Amino acid sequence: MIKDIATPIRTKAILEKYGFSFKKSLGQNFLIDTNILNRIVDHAGLTKESGAIEIGPGIGALTEQLAKNCQKVVAFEIDQRLIPILEDTLSPYPHVKVIHEDVLKADVLSVMENEFKEIDDVMVVANLPYYVTTPIIMKLLEDQLPIRGIVCMLQKEVADRISAKPGTKEYGSLSIAVQYYTMAEIVMIVPKTVFVPQPNVDSAVIRLTRRLTPIVEVKDEAFFFQVTRASFAQRRKTLLNNLQSGLKNGKEKKELILSILEKVQIEPSRRGETLSIEEFARLSDALYDHFK
Ligand code: SAM
């Protein structure tokens, strides 16, 4: 019986057969532990009726486990050298489609409309390339794709920031951007030993469950995100200082900012990291009419 792709022996054989060399610049750290992969797939809660989108299939380690657990898998891979390898390794799974494209440039919504016509439940499941983790997650969320959520491996440090709560040092504009669209939870911490080559950083798996409506209602999303980014621009500065620097003509409008903060009952001496998402929503709505 052929072993799963995600085993040290099979992975080594595939890499040797094709003379494949890893490209660090593409974040190529392949998984060689089927147990870890099965746990990742379990966290996605897939059924035989589900669809899965994978970012960066590599030689197909995770793709294979997804294929065994759902109706259809669509995988985006940027590295041309991997395409013939995937054709070979995934040949037993005709319900897998590999698209040779940079996911950051892809029209994922159109792909979903074409490839998942009969499928209602779609999850993104991935072992992400670490050099572009945040842009990929933000693209998938901002595109407002009709997915149930995302289960992905990423650097533990980024997973901590994404799932952070107010008042912690990890909490920042990334926590707010992701939690605005999803409920975020770290579901696994993963040792370096399950990858070839081993990454330099610790890894974690995060589950992002899409909210049907954003956690807060705001007048203008772009302005809300602008206010949150400005509030964290210099973490040691007060909210007032950061808003003065980050808002249009903020320096000259100190009194106006102070009066708005008073109106929404937020102390100007607080730091951005202490504000909840609800407080940021109240603040940005109150600032909007004056600073949009
Ligand atoms: N899924 C495989 C596994 O778990 O063994 C490989 C994961 S590896 C961490 C990341 C993969 O993403 C690599 O195959 C890499 O070539 C691919 N990749 C990197 N940047 C990408 C991008 N912008 N779009 C699509 N794939 C990308």
# chains A, B, ... in the order shown; residues from 1 in each chain; ligands from 1

$ residues_around --residues "Val73 of chain A" --least-positions-apart "6" --cutoff "7 Å" --atoms "only C-alpha atoms" --output "MDAnalysis selection string"
chainID A and resid 51:53 66:67 95:97

$ closest_atom_pairs --of "chain A" --to "ligand 1" --cutoff "8 Å" --atoms "only C-alpha atoms and all ligand atoms" --output "CSV"
residue,atom,partner,partner_atom_place_in_ligand_line,distance
A:Ala6,CA,ligand 1,5 (O),7.2
A:Lys23,CA,ligand 1,16 (O),7.6
A:Leu26,CA,ligand 1,19 (C),4.4
A:Gly27,CA,ligand 1,10 (C),5.3
A:Gln28,CA,ligand 1,8 (S),4.2
A:Asn29,CA,ligand 1,9 (C),4.4
A:Phe30,CA,ligand 1,5 (O),3.2
A:Leu31,CA,ligand 1,5 (O),3.9
A:Ile32,CA,ligand 1,5 (O),6.9
A:Glu54,CA,ligand 1,1 (N),7.6
A:Ile55,CA,ligand 1,26 (N),5.4
A:Gly56,CA,ligand 1,12 (O),3.1
A:Pro57,CA,ligand 1,1 (N),3.8
A:Gly58,CA,ligand 1,14 (O),3.3
A:Ile59,CA,ligand 1,2 (C),6.3
A:Gly60,CA,ligand 1,2 (C),6.0
A:Ala61,CA,ligand 1,5 (O),5.0
A:Leu62,CA,ligand 1,4 (O),5.3
A:Thr63,CA,ligand 1,1 (N),6.9
A:Phe76,CA,ligand 1,25 (C),5.0
A:Glu77,CA,ligand 1,26 (N),3.9
A:Ile78,CA,ligand 1,26 (N),4.2
A:Asp79,CA,ligand 1,16 (O),4.9
A:Leu82,CA,ligand 1,14 (O),7.4
A:His100,CA,ligand 1,25 (C),7.8
A:Glu101,CA,ligand 1,25 (C),6.1
A:Asp102,CA,ligand 1,24 (N),3.6
A:Val103,CA,ligand 1,24 (N),4.0
A:Leu104,CA,ligand 1,23 (N),5.6
A:Lys105,CA,ligand 1,23 (N),7.9
A:Ala126,CA,ligand 1,1 (N),6.1
A:Asn127,CA,ligand 1,4 (O),4.8
A:Leu128,CA,ligand 1,9 (C),5.0
A:Pro129,CA,ligand 1,10 (C),4.0
A:Tyr130,CA,ligand 1,9 (C),6.7
A:Tyr131,CA,ligand 1,20 (N),7.8
A:Val132,CA,ligand 1,20 (N),7.0
A:Ile136,CA,ligand 1,23 (N),7.7
A:Phe195,CA,ligand 1,5 (O),7.5

$ residues_around --residues "segment 147-163 of chain A" --least-positions-apart "3" --cutoff "6 Å" --atoms "only C-alpha atoms" --output "ChimeraX atom specification"
/A:44,122-128,170-171,174-175,184-185,202-210

$ select_by_dssp --residues "segment 68-210 of chain A" --states "strand (DSSP E or B)" --output "PyMOL selection string"
chain A and resi 72-77+96-100+122-127+149-155+182-190+195-196+203-210

$ residues_around --residues "Leu243 of chain A" --least-positions-apart "5" --cutoff "9 Å" --atoms "only C-alpha atoms" --output "list of chain:residue names"
A:Val227, A:Ala230, A:Ser231, A:Thr238, A:Gly250, A:Lys251, A:Lys254, A:Ile257

$ residues_around --residues "segment 259-265 of chain A" --least-positions-apart "6" --cutoff "7 Å" --atoms "only C-alpha atoms" --output "number ranges by chain"
A: 282-283, 286-287

$ closest_residue --among "A:Lys292, A:Arg211, A:Lys253, A:Lys72" --to "Lys48 of chain A" --atoms "only C-alpha atoms"
A:Lys72

$ residues_around --residues "Leu275 of chain A" --least-positions-apart "3" --cutoff "10 Å" --atoms "only C-alpha atoms" --output "ChimeraX atom specification"
/A:165-167,171-172,228,231,239,266,270-272,278-281,283

$ closest_residue --among "A:Glu255, A:Thr134, A:Lys169, A:Phe20" --to "Gln80 of chain A" --atoms "only C-alpha atoms"
A:Phe20

$ atom_distance --atom1 "atom CA of Asp120 of chain A" --atom2 "atom CA of Gly45 of chain A"
13.7 Å

$ residues_around --residues "Phe223 of chain A" --least-positions-apart "3" --cutoff "9 Å" --atoms "only C-alpha atoms" --output "PDB file with N, CA and C atoms, in the first residue's frame"
ATOM      1  N   VAL A 218     -20.327  49.908  11.920  1.00  0.00           N
ATOM      2  CA  VAL A 218     -19.657  51.216  11.868  1.00  0.00           C
ATOM      3  C   VAL A 218     -20.148  51.987  10.641  1.00  0.00           C
ATOM      4  N   LYS A 219     -20.012  53.330  10.724  1.00  0.00           N
ATOM      5  CA  LYS A 219     -20.465  54.157   9.597  1.00  0.00           C
ATOM      6  C   LYS A 219     -19.628  53.879   8.359  1.00  0.00           C
ATOM      7  N   ASP A 220     -18.322  53.705   8.559  1.00  0.00           N
ATOM      8  CA  ASP A 220     -17.423  53.543   7.419  1.00  0.00           C
ATOM      9  C   ASP A 220     -16.270  52.616   7.821  1.00  0.00           C
ATOM     10  N   GLN A 226      -8.754  52.801   9.743  1.00  0.00           N
ATOM     11  CA  GLN A 226      -7.759  53.880   9.798  1.00  0.00           C
ATOM     12  C   GLN A 226      -7.568  54.356  11.250  1.00  0.00           C
ATOM     13  N   VAL A 227      -8.681  54.510  11.959  1.00  0.00           N
ATOM     14  CA  VAL A 227      -8.618  54.962  13.361  1.00  0.00           C
ATOM     15  C   VAL A 227      -7.901  53.919  14.233  1.00  0.00           C
ATOM     16  N   THR A 228      -8.194  52.632  14.008  1.00  0.00           N
ATOM     17  CA  THR A 228      -7.532  51.620  14.847  1.00  0.00           C
ATOM     18  C   THR A 228      -6.029  51.603  14.550  1.00  0.00           C
ATOM     19  N   SER A 284     -14.656  55.792  16.313  1.00  0.00           N
ATOM     20  CA  SER A 284     -14.482  56.116  14.894  1.00  0.00           C
ATOM     21  C   SER A 284     -15.768  56.713  14.316  1.00  0.00           C
ATOM     22  N   ASP A 285     -16.923  56.248  14.771  1.00  0.00           N
ATOM     23  CA  ASP A 285     -18.181  56.848  14.290  1.00  0.00           C
ATOM     24  C   ASP A 285     -18.266  58.322  14.706  1.00  0.00           C
ATOM     25  N   TYR A 288     -15.822  60.351  12.605  1.00  0.00           N
ATOM     26  CA  TYR A 288     -16.037  60.252  11.156  1.00  0.00           C
ATOM     27  C   TYR A 288     -16.498  61.569  10.526  1.00  0.00           C
ATOM     28  N   PHE A 291     -13.436  64.035  10.448  1.00  0.00           N
ATOM     29  CA  PHE A 291     -12.091  63.688   9.935  1.00  0.00           C
ATOM     30  C   PHE A 291     -12.088  62.752   8.728  1.00  0.00           C
ATOM     31  N   LYS A 292     -13.239  62.429   8.173  1.00  0.00           N
ATOM     32  CA  LYS A 292     -13.287  61.422   7.100  1.00  0.00           C
ATOM     33  C   LYS A 292     -12.468  61.870   5.875  1.00  0.00           C
TER      34      LYS A 292
END

$ closest_residue --among "A:Ile36, A:Val108, A:Thr47, A:Ile83" --to "Cys70 of chain A" --atoms "only C-alpha atoms"
A:Thr47

$ closest_residue --among "A:Lys17, A:Lys3, A:Asn200, A:Glu142" --to "Ala222 of chain A" --atoms "only C-alpha atoms"
A:Glu142

$ closest_residue --among "A:Ile176, A:Val194, A:Leu37, A:Ile215" --to "Phe232 of chain A" --atoms "only C-alpha atoms"
A:Ile176

$ select_by_dssp --residues "segment 65-133 of chain A" --states "helix (DSSP H, G or I)" --output "list in words"
Gln65, Leu66, Ala67, Lys68, Asn69, Leu82, Ile83, Pro84, Ile85, Leu86, Glu87, Asp88, Thr89, Val108, Leu109, Ser110, Val111, Met112, Glu113, Asn114, Glu115, Tyr130, Tyr131, Val132 and Thr133 of chain A

$ atom_distance --atom1 "atom CA of Ile137 of chain A" --atom2 "atom CA of Gln179 of chain A"
11.7 Å

$ closest_residue --among "A:Pro8, A:Leu46, A:Phe22, A:Ala106" --to "Thr193 of chain A" --atoms "only C-alpha atoms"
A:Pro8

$ atom_distance --atom1 "atom CA of Pro268 of chain A" --atom2 "atom CA of Asn241 of chain A"
8.4 Å
